[in-house]
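Structure file upload.txt (compact mmCIF, C-alpha atoms) follows.
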```txt
# COMPACT_ATOMS: atom_id res chain seq x y z
CA MET R 56 139.28 3.41 0.05
CA LYS R 57 141.42 4.84 2.74
CA PRO R 58 144.03 7.18 1.29
CA PHE R 59 147.56 6.19 2.15
CA PHE R 60 148.85 9.75 1.90
CA LEU R 61 147.05 12.82 3.14
CA ARG R 62 145.43 14.80 0.41
CA GLY R 63 144.47 18.45 0.46
CA LEU R 64 146.34 21.06 2.43
CA SER R 65 149.70 20.13 3.91
CA PRO R 66 149.94 19.93 7.73
CA GLN R 67 152.19 22.99 7.78
CA TYR R 68 149.53 25.02 6.01
CA ARG R 69 146.81 23.83 8.37
CA LEU R 70 148.97 24.52 11.41
CA ALA R 71 149.67 28.05 10.19
CA MET R 72 145.94 28.66 9.78
CA ALA R 73 145.11 27.22 13.20
CA VAL R 74 147.87 29.20 14.91
CA LEU R 75 146.84 32.45 13.24
CA PHE R 76 143.23 31.81 14.21
CA SER R 77 144.10 31.08 17.86
CA LEU R 78 146.51 33.99 18.16
CA GLY R 79 143.84 36.25 16.70
CA LEU R 80 141.42 35.06 19.36
CA ILE R 81 144.01 35.56 22.11
CA ILE R 82 144.98 39.05 20.96
CA PHE R 83 141.41 40.28 20.45
CA ASN R 84 140.16 38.52 23.57
CA ASN R 85 138.77 41.68 25.13
CA GLN R 86 137.00 42.85 21.99
CA LEU R 87 135.46 39.40 21.55
CA ALA R 88 133.65 39.47 24.91
CA PRO R 89 130.13 39.66 23.35
CA VAL R 90 130.92 36.72 21.02
CA ARG R 91 132.17 34.81 24.00
CA THR R 92 128.97 35.45 25.92
CA ALA R 93 126.91 34.15 23.00
CA LEU R 94 129.10 31.05 22.71
CA ALA R 95 128.91 30.48 26.47
CA THR R 96 125.11 30.47 26.22
CA LEU R 97 125.38 28.03 23.33
CA VAL R 98 127.55 25.55 25.25
CA SER R 99 125.80 25.90 28.60
CA PRO R 100 123.91 22.59 28.05
CA ILE R 101 127.33 20.89 28.11
CA GLN R 102 128.05 22.58 31.44
CA TYR R 103 124.76 21.29 32.83
CA MET R 104 125.43 17.78 31.55
CA ALA R 105 128.93 17.79 33.03
CA ALA R 106 127.57 18.94 36.38
CA LEU R 107 124.93 16.16 36.44
CA PRO R 108 127.01 13.34 37.97
CA SER R 109 128.26 15.42 40.89
CA MET R 110 124.76 16.81 41.43
CA ALA R 111 123.39 13.25 41.46
CA ILE R 112 126.01 12.15 44.00
CA ASP R 113 125.21 15.20 46.12
CA SER R 114 121.50 14.48 46.14
CA MET R 115 122.20 10.79 46.83
CA THR R 116 124.34 11.56 49.86
CA SER R 117 121.75 14.00 51.19
CA ASN R 118 119.03 11.38 50.64
CA LEU R 119 121.06 8.76 52.44
CA ALA R 120 121.68 10.86 55.55
CA THR R 121 120.61 8.97 58.64
CA ARG R 122 117.76 10.01 60.88
CA SER R 123 120.02 10.84 63.81
CA GLN R 124 122.25 12.96 61.59
CA LEU R 125 119.23 14.90 60.38
CA LEU R 126 117.92 15.39 63.90
CA GLU R 127 121.30 16.59 65.08
CA ARG R 128 121.57 18.98 62.16
CA ASN R 129 118.07 20.25 62.75
CA ARG R 130 118.87 20.93 66.40
CA GLN R 131 122.02 22.80 65.44
CA LEU R 132 120.20 24.91 62.89
CA GLN R 133 117.47 25.77 65.35
CA GLN R 134 120.02 26.93 67.89
CA ASN R 135 121.72 28.94 65.20
CA GLN R 136 118.40 30.42 64.17
CA VAL R 137 117.69 31.64 67.72
CA LEU R 138 121.10 33.27 67.95
CA VAL R 139 120.77 34.91 64.55
CA SER R 140 117.25 36.17 65.12
CA GLU R 141 118.31 37.77 68.39
CA ARG R 142 121.04 39.63 66.53
CA LEU R 143 118.58 40.52 63.81
CA GLN R 144 116.19 42.09 66.31
CA ARG R 145 118.99 44.20 67.69
CA MET R 146 120.03 45.13 64.21
CA GLU R 147 116.56 46.20 63.16
CA HIS R 148 116.45 48.48 66.15
CA LEU R 149 119.86 49.91 65.25
CA GLU R 150 118.84 50.34 61.66
CA GLN R 151 115.76 52.34 62.62
CA GLU R 152 117.84 54.45 64.93
CA ASN R 153 120.39 54.96 62.20
CA GLN R 154 117.70 56.04 59.73
CA ARG R 155 116.29 58.53 62.24
CA LEU R 156 119.71 60.02 62.91
CA ARG R 157 120.43 60.21 59.22
CA THR R 158 117.18 62.04 58.54
CA LEU R 159 118.05 64.44 61.35
CA LEU R 160 121.37 65.07 59.61
CA ASP R 161 119.70 65.29 56.18
CA ALA R 162 122.03 62.53 54.96
CA PRO R 163 120.68 60.17 52.30
CA THR R 164 119.29 57.02 53.88
CA SER R 165 120.36 53.66 52.53
CA SER R 166 117.65 51.16 51.74
CA ASP R 167 117.43 47.43 51.32
CA SER R 168 118.33 46.25 47.86
CA ARG R 169 117.20 43.22 45.89
CA ARG R 170 119.06 39.98 46.52
CA MET R 171 118.99 36.41 45.31
CA VAL R 172 120.62 33.12 46.28
CA ALA R 173 122.60 31.30 43.60
CA GLU R 174 124.27 27.92 43.65
CA VAL R 175 127.77 27.20 42.39
CA MET R 176 127.55 24.78 39.47
CA ALA R 177 131.21 24.30 38.77
CA VAL R 178 134.58 25.70 39.66
CA ASP R 179 136.42 26.53 36.47
CA GLN R 180 139.41 24.36 35.78
CA ASP R 181 141.59 27.04 34.31
CA PRO R 182 144.38 27.10 36.90
CA PHE R 183 145.29 30.69 36.07
CA LYS R 184 141.89 32.14 36.80
CA HIS R 185 139.70 31.97 39.83
CA LEU R 186 136.25 31.72 38.32
CA VAL R 187 133.14 29.86 39.39
CA LEU R 188 130.03 29.17 37.37
CA ILE R 189 126.69 29.93 39.01
CA ASP R 190 123.19 28.81 38.06
CA LYS R 191 121.68 32.28 37.59
CA GLY R 192 122.03 34.36 34.45
CA ALA R 193 120.62 37.23 32.42
CA LEU R 194 117.17 35.62 32.69
CA HIS R 195 117.24 36.30 36.43
CA GLY R 196 118.52 39.84 35.99
CA VAL R 197 122.17 39.15 36.76
CA TYR R 198 124.40 41.87 35.32
CA GLN R 199 128.11 42.30 34.72
CA GLY R 200 129.97 43.75 37.70
CA GLN R 201 127.39 42.55 40.20
CA PRO R 202 128.76 41.99 43.74
CA VAL R 203 128.63 38.40 45.03
CA LEU R 204 128.75 37.38 48.71
CA ASP R 205 128.54 34.26 50.79
CA ASN R 206 127.47 33.93 54.41
CA ASN R 207 130.87 35.13 55.64
CA GLY R 208 131.85 37.96 53.36
CA ILE R 209 132.50 39.20 49.87
CA VAL R 210 133.36 36.49 47.34
CA GLY R 211 133.80 38.41 44.12
CA GLN R 212 131.94 39.90 41.20
CA VAL R 213 130.13 38.73 38.09
CA VAL R 214 132.29 39.06 34.99
CA GLU R 215 130.43 37.14 32.31
CA VAL R 216 126.70 36.69 31.94
CA SER R 217 125.00 34.21 29.62
CA GLN R 218 121.29 33.47 29.52
CA ALA R 219 121.04 30.83 32.24
CA ASN R 220 124.34 31.12 34.08
CA ALA R 221 127.10 33.53 34.92
CA ARG R 222 130.77 33.48 35.83
CA VAL R 223 131.98 34.99 39.08
CA LEU R 224 135.53 36.28 39.43
CA LEU R 225 136.76 35.57 42.96
CA ILE R 226 138.62 38.20 44.96
CA SER R 227 141.67 35.91 45.01
CA ASP R 228 142.08 36.15 41.23
CA LEU R 229 145.22 37.86 40.04
CA THR R 230 143.26 40.51 38.15
CA HIS R 231 140.85 41.37 40.95
CA ALA R 232 141.08 44.35 43.27
CA ILE R 233 138.59 45.66 45.81
CA PRO R 234 138.61 48.92 47.80
CA VAL R 235 138.48 48.31 51.56
CA ARG R 236 138.61 50.12 54.86
CA ASN R 237 140.26 48.91 58.04
CA ALA R 238 137.51 48.29 60.61
CA ARG R 239 139.80 49.33 63.48
CA ASN R 240 140.93 52.74 62.29
CA ASP R 241 139.27 53.46 58.91
CA VAL R 242 142.52 53.38 56.96
CA ARG R 243 141.70 52.98 53.27
CA ALA R 244 143.40 50.38 51.08
CA VAL R 245 142.91 48.28 47.98
CA VAL R 246 143.07 44.49 48.33
CA HIS R 247 144.48 42.62 45.33
CA GLY R 248 144.16 38.94 44.54
CA SER R 249 147.37 36.94 44.52
CA GLY R 250 146.39 34.05 42.22
CA HIS R 251 146.35 31.67 45.22
CA THR R 252 143.13 30.83 47.03
CA GLY R 253 143.37 31.91 50.62
CA GLU R 254 145.91 34.66 50.02
CA LEU R 255 145.40 38.32 49.20
CA GLU R 256 147.82 41.20 48.94
CA VAL R 257 147.49 44.73 50.20
CA PRO R 258 149.98 46.81 48.22
CA HIS R 259 150.80 50.51 48.41
CA ILE R 260 150.47 50.93 52.16
CA ALA R 261 153.16 53.33 53.39
CA MET R 262 155.51 52.15 56.14
CA ASN R 263 154.15 54.47 58.84
CA ILE R 264 150.48 53.58 58.40
CA ASP R 265 148.96 51.69 61.30
CA VAL R 266 148.13 48.17 60.11
CA GLN R 267 148.37 45.17 62.41
CA VAL R 268 148.03 41.44 62.05
CA GLY R 269 144.43 40.46 62.75
CA ASP R 270 142.86 43.68 61.45
CA LEU R 271 139.55 43.20 59.68
CA LEU R 272 139.12 44.86 56.30
CA ASN R 273 135.57 45.79 55.25
CA SER R 274 134.50 46.89 51.80
CA SER R 275 134.55 50.68 51.64
CA GLY R 276 132.00 51.17 48.90
CA LEU R 277 134.38 53.49 47.05
CA GLY R 278 134.27 52.92 43.31
CA GLY R 279 130.60 52.09 43.57
CA ARG R 280 130.87 48.45 42.62
CA PHE R 281 130.73 46.75 46.02
CA PRO R 282 128.32 47.81 48.76
CA GLU R 283 129.82 49.31 51.90
CA GLY R 284 130.53 47.47 55.11
CA TYR R 285 130.84 43.80 54.18
CA PRO R 286 133.85 41.87 55.50
CA VAL R 287 136.50 41.13 52.86
CA ALA R 288 139.74 39.99 54.46
CA ARG R 289 141.80 39.72 57.61
CA ILE R 290 145.46 40.77 57.78
CA THR R 291 147.74 37.78 58.33
CA ASP R 292 151.20 39.18 57.84
CA VAL R 293 152.81 42.61 57.94
CA GLN R 294 156.47 43.06 57.04
CA ARG R 295 158.19 46.39 57.15
CA GLN R 296 161.58 46.02 55.48
CA GLU R 297 163.98 48.87 55.74
CA GLY R 298 164.63 50.74 52.52
CA GLN R 299 161.28 49.85 51.01
CA THR R 300 158.65 52.48 50.28
CA PHE R 301 155.71 50.28 51.16
CA ALA R 302 155.03 47.61 53.74
CA LEU R 303 154.53 44.03 52.53
CA ILE R 304 151.09 43.06 53.72
CA LYS R 305 149.28 39.77 53.23
CA ALA R 306 145.68 39.01 54.08
CA GLU R 307 143.33 36.07 53.91
CA PRO R 308 139.78 36.28 52.58
CA ILE R 309 136.98 36.04 55.14
CA ALA R 310 134.78 34.05 52.75
CA HIS R 311 135.86 30.42 52.36
CA LEU R 312 136.69 30.73 48.69
CA ASP R 313 137.63 27.08 48.32
CA ARG R 314 134.40 25.81 49.86
CA ILE R 315 131.71 28.08 48.43
CA ARG R 316 128.43 26.45 47.53
CA TYR R 317 125.60 28.95 47.96
CA LEU R 318 126.20 32.55 47.01
CA LEU R 319 124.22 35.72 47.47
CA LEU R 320 123.79 38.11 44.56
CA LEU R 321 123.19 41.74 45.47
CA TRP R 322 121.60 44.37 43.29
CA ASN R 323 122.77 47.97 43.44
CA ASP R 324 120.00 50.45 44.05
CA GLU R 325 120.41 52.06 40.63
CA GLU R 326 120.46 48.73 38.82
CA SER R 327 117.30 47.37 40.43
CA ARG R 328 115.27 50.45 39.61
CA MET O 162 128.69 6.37 0.78
CA SER O 163 127.78 9.85 1.93
CA VAL O 164 125.59 8.52 4.76
CA GLU O 165 128.43 6.33 6.00
CA ARG O 166 130.76 9.25 5.87
CA ALA O 167 128.42 11.46 7.86
CA SER O 168 127.94 8.83 10.55
CA GLY O 169 131.68 8.40 10.91
CA ARG O 170 132.24 12.07 11.38
CA GLY O 171 129.30 12.25 13.76
CA PHE O 172 130.84 9.57 15.90
CA ILE O 173 134.18 11.36 16.07
CA TRP O 174 132.50 14.50 17.33
CA PHE O 175 130.35 12.50 19.74
CA SER O 176 133.43 10.92 21.30
CA LEU O 177 135.01 14.35 21.62
CA LEU O 178 131.88 15.65 23.28
CA LEU O 179 132.12 12.84 25.83
CA ALA O 180 135.79 13.65 26.40
CA THR O 181 134.88 17.33 26.89
CA LEU O 182 132.25 16.36 29.47
CA LEU O 183 134.84 14.33 31.38
CA GLN O 184 137.26 17.22 31.11
CA VAL O 185 134.94 19.84 32.63
CA MET O 186 133.13 17.55 35.07
CA PRO O 187 133.38 18.88 38.65
CA LEU O 188 135.66 16.64 40.71
CA PRO O 189 136.52 16.54 44.41
CA GLN O 190 139.35 18.87 45.36
CA LEU O 191 141.66 15.91 45.95
CA LEU O 192 141.36 14.55 42.41
CA GLN O 193 141.16 17.94 40.71
CA GLY O 194 144.90 18.19 40.08
CA TRP O 195 145.12 14.66 38.70
CA ARG O 196 142.46 15.02 36.03
CA PRO O 197 143.79 13.48 32.81
CA ASP O 198 143.68 15.40 29.52
CA TRP O 199 140.70 13.52 28.14
CA VAL O 200 140.25 15.78 25.15
CA LEU O 201 143.92 15.54 24.21
CA LEU O 202 143.79 11.74 24.41
CA VAL O 203 140.71 11.38 22.22
CA ALA O 204 141.83 14.03 19.72
CA ALA O 205 145.27 12.41 19.53
CA TYR O 206 143.63 9.06 18.75
CA TRP O 207 141.59 10.47 15.89
CA VAL O 208 144.49 12.39 14.38
CA LEU O 209 146.65 9.29 14.64
CA THR O 210 144.18 6.87 13.08
CA MET O 211 142.22 9.11 10.74
CA PRO O 212 144.15 12.21 9.78
CA HIS O 213 141.95 12.57 6.70
CA ARG O 214 138.84 12.96 8.88
CA PHE O 215 140.12 14.77 11.91
CA ASN O 216 142.99 17.16 11.58
CA ILE O 217 144.72 20.20 12.95
CA LEU O 218 141.89 22.65 12.29
CA SER O 219 139.32 20.39 13.95
CA ALA O 220 141.63 20.00 16.95
CA CYS O 221 141.90 23.78 17.09
CA LEU O 222 138.10 24.09 17.15
CA VAL O 223 137.85 21.55 19.97
CA GLY O 224 140.46 23.52 21.90
CA VAL O 225 138.49 26.74 21.49
CA LEU O 226 135.35 24.96 22.70
CA LEU O 227 137.30 23.81 25.74
CA ASP O 228 138.45 27.38 26.34
CA ILE O 229 134.86 28.56 26.48
CA LEU O 230 133.91 25.75 28.85
CA VAL O 231 136.78 26.09 31.33
CA GLY O 232 136.71 29.88 31.24
CA GLY O 233 140.24 30.41 29.97
CA THR O 234 141.41 33.09 27.58
CA LEU O 235 139.79 32.34 24.24
CA GLY O 236 142.16 30.54 21.84
CA VAL O 237 144.75 29.44 24.38
CA ARG O 238 143.85 25.75 24.29
CA GLY O 239 143.04 26.08 20.59
CA LEU O 240 146.68 26.97 20.05
CA GLY O 241 147.97 24.14 22.23
CA MET O 242 145.71 21.52 20.69
CA SER O 243 146.55 22.49 17.12
CA ILE O 244 150.29 22.29 17.82
CA CYS O 245 149.86 18.82 19.40
CA ALA O 246 147.69 17.68 16.46
CA TYR O 247 150.29 18.99 14.04
CA LEU O 248 153.06 16.98 15.68
CA ILE O 249 151.00 13.82 15.42
CA ALA O 250 149.78 14.50 11.88
CA LEU O 251 153.37 15.05 10.77
CA GLN O 252 154.47 11.58 11.90
CA TYR O 253 151.24 9.59 12.05
CA GLN O 254 152.49 6.72 9.89
CA LYS O 255 155.51 6.22 12.12
CA LEU O 256 153.61 6.70 15.39
CA ARG O 257 151.07 4.02 14.45
CA HIS O 258 153.81 1.41 14.48
CA PHE O 259 155.25 2.44 17.79
CA SER O 260 154.83 0.08 20.75
CA VAL O 261 152.31 1.05 23.40
CA ILE O 262 155.03 2.18 25.80
CA GLN O 263 156.52 4.45 23.16
CA GLN O 264 153.10 5.86 22.33
CA MET O 265 152.53 6.53 26.02
CA LEU O 266 155.79 8.48 26.17
CA VAL O 267 154.69 10.49 23.15
CA ILE O 268 151.37 11.26 24.82
CA ALA O 269 153.15 12.32 28.01
CA SER O 270 155.36 14.75 26.11
CA LEU O 271 152.38 16.11 24.17
CA SER O 272 150.55 16.66 27.45
CA VAL O 273 153.51 18.55 28.89
CA LEU O 274 153.72 20.58 25.68
CA LEU O 275 149.99 21.38 25.77
CA HIS O 276 150.16 22.62 29.34
CA LEU O 277 153.27 24.68 28.75
CA VAL O 278 151.79 26.29 25.62
CA VAL O 279 148.62 27.12 27.59
CA TYR O 280 150.75 28.62 30.36
CA TRP O 281 152.81 30.62 27.88
CA ALA O 282 149.77 32.00 26.11
CA GLU O 283 148.14 32.96 29.41
CA TYR O 284 151.41 34.60 30.40
CA LEU O 285 151.22 36.85 27.32
CA ASN O 286 147.86 38.12 28.56
CA ASN O 287 148.72 38.41 32.21
CA PRO O 288 152.42 38.28 33.18
CA GLY O 289 151.54 37.67 36.83
CA VAL O 290 150.55 34.01 36.43
CA ARG O 291 152.72 31.43 38.15
CA ILE O 292 152.90 27.64 37.89
CA ASP O 293 154.45 24.86 39.93
CA TRP O 294 155.05 21.15 39.39
CA GLU O 295 151.49 20.34 40.35
CA TYR O 296 150.39 22.02 37.15
CA LEU O 297 152.05 19.23 35.14
CA GLN O 298 150.45 16.33 37.05
CA PRO O 299 148.01 15.54 34.20
CA ALA O 300 151.04 14.61 32.08
CA LEU O 301 151.64 11.69 34.46
CA VAL O 302 148.05 10.46 34.42
CA SER O 303 147.14 10.91 30.75
CA PRO O 304 149.63 8.37 29.30
CA LEU O 305 148.38 5.74 31.76
CA LEU O 306 144.94 6.03 30.21
CA TRP O 307 146.20 5.95 26.64
CA PRO O 308 146.15 2.12 26.17
CA TRP O 309 142.58 2.02 27.39
CA VAL O 310 141.43 4.93 25.22
CA PHE O 311 143.23 3.42 22.23
CA TRP O 312 141.60 0.02 22.72
CA MET O 313 138.15 1.44 23.45
CA LEU O 314 137.99 3.84 20.52
CA GLY O 315 139.54 1.21 18.25
CA ARG O 316 136.79 -1.24 19.11
CA VAL O 317 134.06 1.30 18.54
CA ARG O 318 135.69 2.48 15.33
CA ARG O 319 135.75 -1.04 13.93
CA SER O 320 132.22 -1.91 15.01
CA PHE O 321 130.85 1.30 13.48
CA LYS O 322 133.12 0.88 10.45
CA ILE O 323 134.33 4.44 10.54
CA ARG O 324 136.94 4.95 7.86
```

Write the structure described by the file as structure tokens, please.
Amino acid sequence: MKPFFLRGLSPQYRLAMAVLFSLGLIIFNNQLAPVRTALATLVSPIQYMAALPSMAIDSMTSNLATRSQLLERNRQLQQNQVLVSERLQRMEHLEQENQRLRTLLDAPTSSDSRRMVAEVMAVDQDPFKHLVLIDKGALHGVYQGQPVLDNNGIVGQVVEVSQANARVLLISDLTHAIPVRNARNDVRAVVHGSGHTGELEVPHIAMNIDVQVGDLLNSSGLGGRFPEGYPVARITDVQRQEGQTFALIKAEPIAHLDRIRYLLLLWNDEESR
Amino acid sequence: MSVERASGRGFIWFSLLLATLLQVMPLPQLLQGWRPDWVLLVAAYWVLTMPHRFNILSACLVGVLLDILVGGTLGVRGLGMSICAYLIALQYQKLRHFSVIQQMLVIASLSVLLHLVVYWAEYLNNPGVRIDWEYLQPALVSPLLWPWVFWMLGRVRRSFKIR
């Protein structure tokens, strides 16, 4: 028999409980990070299931590519490969030279670190956060704070690790900041995310500091989180308004943050040991 | 009796799971902004038709699950969903007798409310967040799907005799 009137707790009572519960979660969000990680692992099958249709469509379109398309693509990649390998040869030579010079100077030599390719499973829908979900997790040795790159430049860092996947915070997120150095004149700066893909901010640059539109900003390695020397952003706009302490500087990320598919995870030397 | 009860509840949660999948499914960039609030639609249906089975606290749990899946601040959607469920649960007898158009308007306003509550709660955590009109696009799409969701779930509910 279906009850005509609701029995049990009144809606007001239930609402109060639900609101208190949610507010508690919101307020203690930072302290609840471990719980969140455990829950994320628990619901990761749902993530995989949700990603299935788009993965199926992807594989279908790649299966249905025509022969001429494949040949054309193959030719392009081979050309690319020749160009890249030529640069690589030169770079190996330079690297050896660099090592020799560094040993002469008694400076510590930098070595190759571990790396791994990850694929983006889903872009998180939360419009206030720029997070992507990748298909590697604690099982593969991914750790919190790990730098993430794509083939153009720095993409972001790992902020949440569950067993089989991890979340990457993009450099365009409002809460993200990365120390950089201007490639042209070594001026140091910190690049902040603006909350919009394709736009970054460079605050706290005094009016008289030499920054121009088109300058390339590389990661400086200060702070120890990101490795040194990877491209981060390019300056797109510099405004020096009279009466202001700092110049208003905008930049755009080098990595195509809206089109990322394959990402590269880097391991710090200390972490991989 | 108890078996029947369990199956009914199982089906409610199964339909919500499906809605959650649709909600977090990766979509092309073009459609991303127009994704309807699947979870809100399905949860609203169950609160409207069976407030004794699915109520505010269950809606809150679904919202928290959604938070984990979309990577938002934990509890933000839990808060929004429970407020929406409360508004329906308060007036469910009246809302059931509304015409479809009126119900669609109610769903549209609930969708706007949900998104604004989510924005507000995120704002508490990080005052830098900004929104524009695009953020409220789902409120235009969701009511259009309401008649279909209502019909579909109603059919399944009757054929499975969930009470």

Hey, can you check how far CA of Ala261 (chain R) sits from CA of Arg295 (chain R)?
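These two atoms are separated by 9.4 Å.
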
Next item on the list: Point out the residue among R:Leu97, R:Val246, R:Val203, R:Val172 with the least atom-to-atom distance to Gln218 (chain R), counting only C-alpha atoms.
Entry: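 Among R:Leu97, R:Val246, R:Val203, R:Val172, it is R:Leu97 that comes nearest to Gln218 (chain R).
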
Open item on the list: Show me, as a VMD selection string, the residues that have an atom within 10 Å of Leu314 (chain O) when counting only C-alpha atoms, minus same-chain residues fewer than 4 positions from it.
Closed with: chain O and resid 173 176 203 206 to 207 309 to 310 318 to 320

**Using only C-alpha atoms: which of R:Pro100, R:Tyr198, R:Leu204, R:Gly284 has the shortest distance to Val216 (chain R)** =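 Checking each of R:Pro100, R:Tyr198, R:Leu204, R:Gly284 against Val216 (chain R), counting only C-alpha atoms, the winner is R:Tyr198.
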
**Length of the CA of Pro288 (chain O) to CA of Leu229 (chain R) vector [Å]** =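 Rounded to one decimal, the two atoms are 10.0 Å apart.
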
Between O:Leu266, O:Ala220, O:Leu285, O:Leu182, smallest distance to Thr234 (chain O) by only C-alpha atoms belongs to O:Leu285

One decimal place gives the CA of Tyr247 (chain O)-CA of Leu218 (chain O) separation as 9.3 Å

Considering all atoms listed in the file, give me a table of residues in chain R that are at most 9 Å from chain O, with the closest atom pair and distance in Å for each, as a Markdown table.
```
| residue | atom | partner | partner_atom | distance |
| --- | --- | --- | --- | --- |
| R:Met56 | CA | O:Arg324 | CA | 8.3 |
| R:Lys57 | CA | O:Arg324 | CA | 6.8 |
| R:Pro58 | CA | O:His213 | CA | 7.9 |
| R:Phe60 | CA | O:His213 | CA | 8.9 |
| R:Leu61 | CA | O:His213 | CA | 6.2 |
| R:Arg62 | CA | O:His213 | CA | 7.5 |
| R:Gly63 | CA | O:His213 | CA | 8.9 |
| R:Pro66 | CA | O:Tyr247 | CA | 6.4 |
| R:Gln67 | CA | O:Tyr247 | CA | 7.7 |
| R:Arg69 | CA | O:Ile217 | CA | 6.2 |
| R:Leu70 | CA | O:Ile217 | CA | 6.3 |
| R:Met72 | CA | O:Leu218 | CA | 7.7 |
| R:Ala73 | CA | O:Leu218 | CA | 5.7 |
| R:Val74 | CA | O:Leu240 | CA | 5.7 |
| R:Leu75 | CA | O:Leu240 | CA | 8.7 |
| R:Phe76 | CA | O:Gly236 | CA | 7.8 |
| R:Ser77 | CA | O:Gly236 | CA | 4.5 |
| R:Leu78 | CA | O:Gly236 | CA | 6.7 |
| R:Gly79 | CA | O:Gly236 | CA | 7.9 |
| R:Leu80 | CA | O:Gly236 | CA | 5.2 |
| R:Ile81 | CA | O:Gly236 | CA | 5.4 |
| R:Ile82 | CA | O:Asn286 | CA | 8.2 |
| R:Phe83 | CA | O:Leu235 | CA | 8.9 |
| R:Asn84 | CA | O:Leu235 | CA | 6.2 |
| R:Leu87 | CA | O:Leu235 | CA | 8.7 |
| R:Arg91 | CA | O:Ile229 | CA | 7.2 |
| R:Leu94 | CA | O:Ile229 | CA | 7.3 |
| R:Ala95 | CA | O:Ile229 | CA | 6.3 |
| R:Val98 | CA | O:Leu230 | CA | 7.3 |
| R:Ser99 | CA | O:Leu230 | CA | 8.1 |
| R:Ile101 | CA | O:Leu182 | CA | 6.8 |
| R:Gln102 | CA | O:Leu230 | CA | 7.1 |
| R:Met104 | CA | O:Leu182 | CA | 7.3 |
| R:Ala105 | CA | O:Met186 | CA | 4.7 |
| R:Ala106 | CA | O:Met186 | CA | 5.9 |
| R:Leu107 | CA | O:Met186 | CA | 8.4 |
| R:Pro108 | CA | O:Met186 | CA | 8.0 |
| R:Ser109 | CA | O:Pro187 | CA | 6.6 |
| R:Met176 | CA | O:Pro187 | CA | 8.3 |
| R:Ala177 | CA | O:Pro187 | CA | 5.8 |
| R:Val178 | CA | O:Pro187 | CA | 7.0 |
| R:Asp179 | CA | O:Val231 | CA | 5.2 |
| R:Gln180 | CA | O:Val231 | CA | 5.5 |
| R:Asp181 | CA | O:Gly233 | CA | 5.7 |
| R:Pro182 | CA | O:Tyr296 | CA | 7.9 |
| R:Phe183 | CA | O:Val290 | CA | 6.2 |
| R:Lys184 | CA | O:Gly233 | CA | 7.2 |
| R:Leu186 | CA | O:Gly232 | CA | 7.3 |
| R:Val187 | CA | O:Gly232 | CA | 8.9 |
| R:Arg222 | CA | O:Gly232 | CA | 8.3 |
| R:Leu229 | CA | O:Gly289 | CA | 7.1 |
| R:Thr230 | CA | O:Asn287 | CA | 8.3 |
| R:Ser249 | CA | O:Gly289 | CA | 8.8 |
| R:Gly250 | CA | O:Val290 | CA | 7.1 |
| R:Asp313 | CA | O:Gln190 | CA | 8.9 |
```

Using C-alpha atoms, can you write the selected residues to a file as a tab-separated table (two decimals), in the coordinates of the input?
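Written out: selection_20.tsv:
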```tsv
chain	number	residue	atom	x	y	z
R	56	MET	CA	139.28	3.41	0.05
R	57	LYS	CA	141.42	4.84	2.74
R	58	PRO	CA	144.03	7.18	1.29
R	60	PHE	CA	148.85	9.75	1.90
R	61	LEU	CA	147.05	12.82	3.14
R	62	ARG	CA	145.43	14.80	0.41
R	63	GLY	CA	144.47	18.45	0.46
R	66	PRO	CA	149.94	19.93	7.73
R	67	GLN	CA	152.19	22.99	7.78
R	69	ARG	CA	146.81	23.83	8.37
R	70	LEU	CA	148.97	24.52	11.41
R	72	MET	CA	145.94	28.66	9.78
R	73	ALA	CA	145.11	27.22	13.20
R	74	VAL	CA	147.87	29.20	14.91
R	75	LEU	CA	146.84	32.45	13.24
R	76	PHE	CA	143.23	31.81	14.21
R	77	SER	CA	144.10	31.08	17.86
R	78	LEU	CA	146.51	33.99	18.16
R	79	GLY	CA	143.84	36.25	16.70
R	80	LEU	CA	141.42	35.06	19.36
R	81	ILE	CA	144.01	35.56	22.11
R	82	ILE	CA	144.98	39.05	20.96
R	83	PHE	CA	141.41	40.28	20.45
R	84	ASN	CA	140.16	38.52	23.57
R	87	LEU	CA	135.46	39.40	21.55
R	91	ARG	CA	132.17	34.81	24.00
R	94	LEU	CA	129.10	31.05	22.71
R	95	ALA	CA	128.91	30.48	26.47
R	98	VAL	CA	127.55	25.55	25.25
R	99	SER	CA	125.80	25.90	28.60
R	101	ILE	CA	127.33	20.89	28.11
R	102	GLN	CA	128.05	22.58	31.44
R	104	MET	CA	125.43	17.78	31.55
R	105	ALA	CA	128.93	17.79	33.03
R	106	ALA	CA	127.57	18.94	36.38
R	107	LEU	CA	124.93	16.16	36.44
R	108	PRO	CA	127.01	13.34	37.97
R	109	SER	CA	128.26	15.42	40.89
R	176	MET	CA	127.55	24.78	39.47
R	177	ALA	CA	131.21	24.30	38.77
R	178	VAL	CA	134.58	25.70	39.66
R	179	ASP	CA	136.42	26.53	36.47
R	180	GLN	CA	139.41	24.36	35.78
R	181	ASP	CA	141.59	27.04	34.31
R	182	PRO	CA	144.38	27.10	36.90
R	183	PHE	CA	145.29	30.69	36.07
R	184	LYS	CA	141.89	32.14	36.80
R	186	LEU	CA	136.25	31.72	38.32
R	187	VAL	CA	133.14	29.86	39.39
R	222	ARG	CA	130.77	33.48	35.83
R	229	LEU	CA	145.22	37.86	40.04
R	230	THR	CA	143.26	40.51	38.15
R	249	SER	CA	147.37	36.94	44.52
R	250	GLY	CA	146.39	34.05	42.22
R	313	ASP	CA	137.63	27.08	48.32
```

Note to self: Given all atoms listed in the file as the basis, pick out the residue of O:Leu191, O:Val200, O:Leu301, O:Leu209 nearest to Phe259 (chain O).
What the structure shows: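 Using all atoms listed in the file, the shortest distance to Phe259 (chain O) belongs to O:Leu209.
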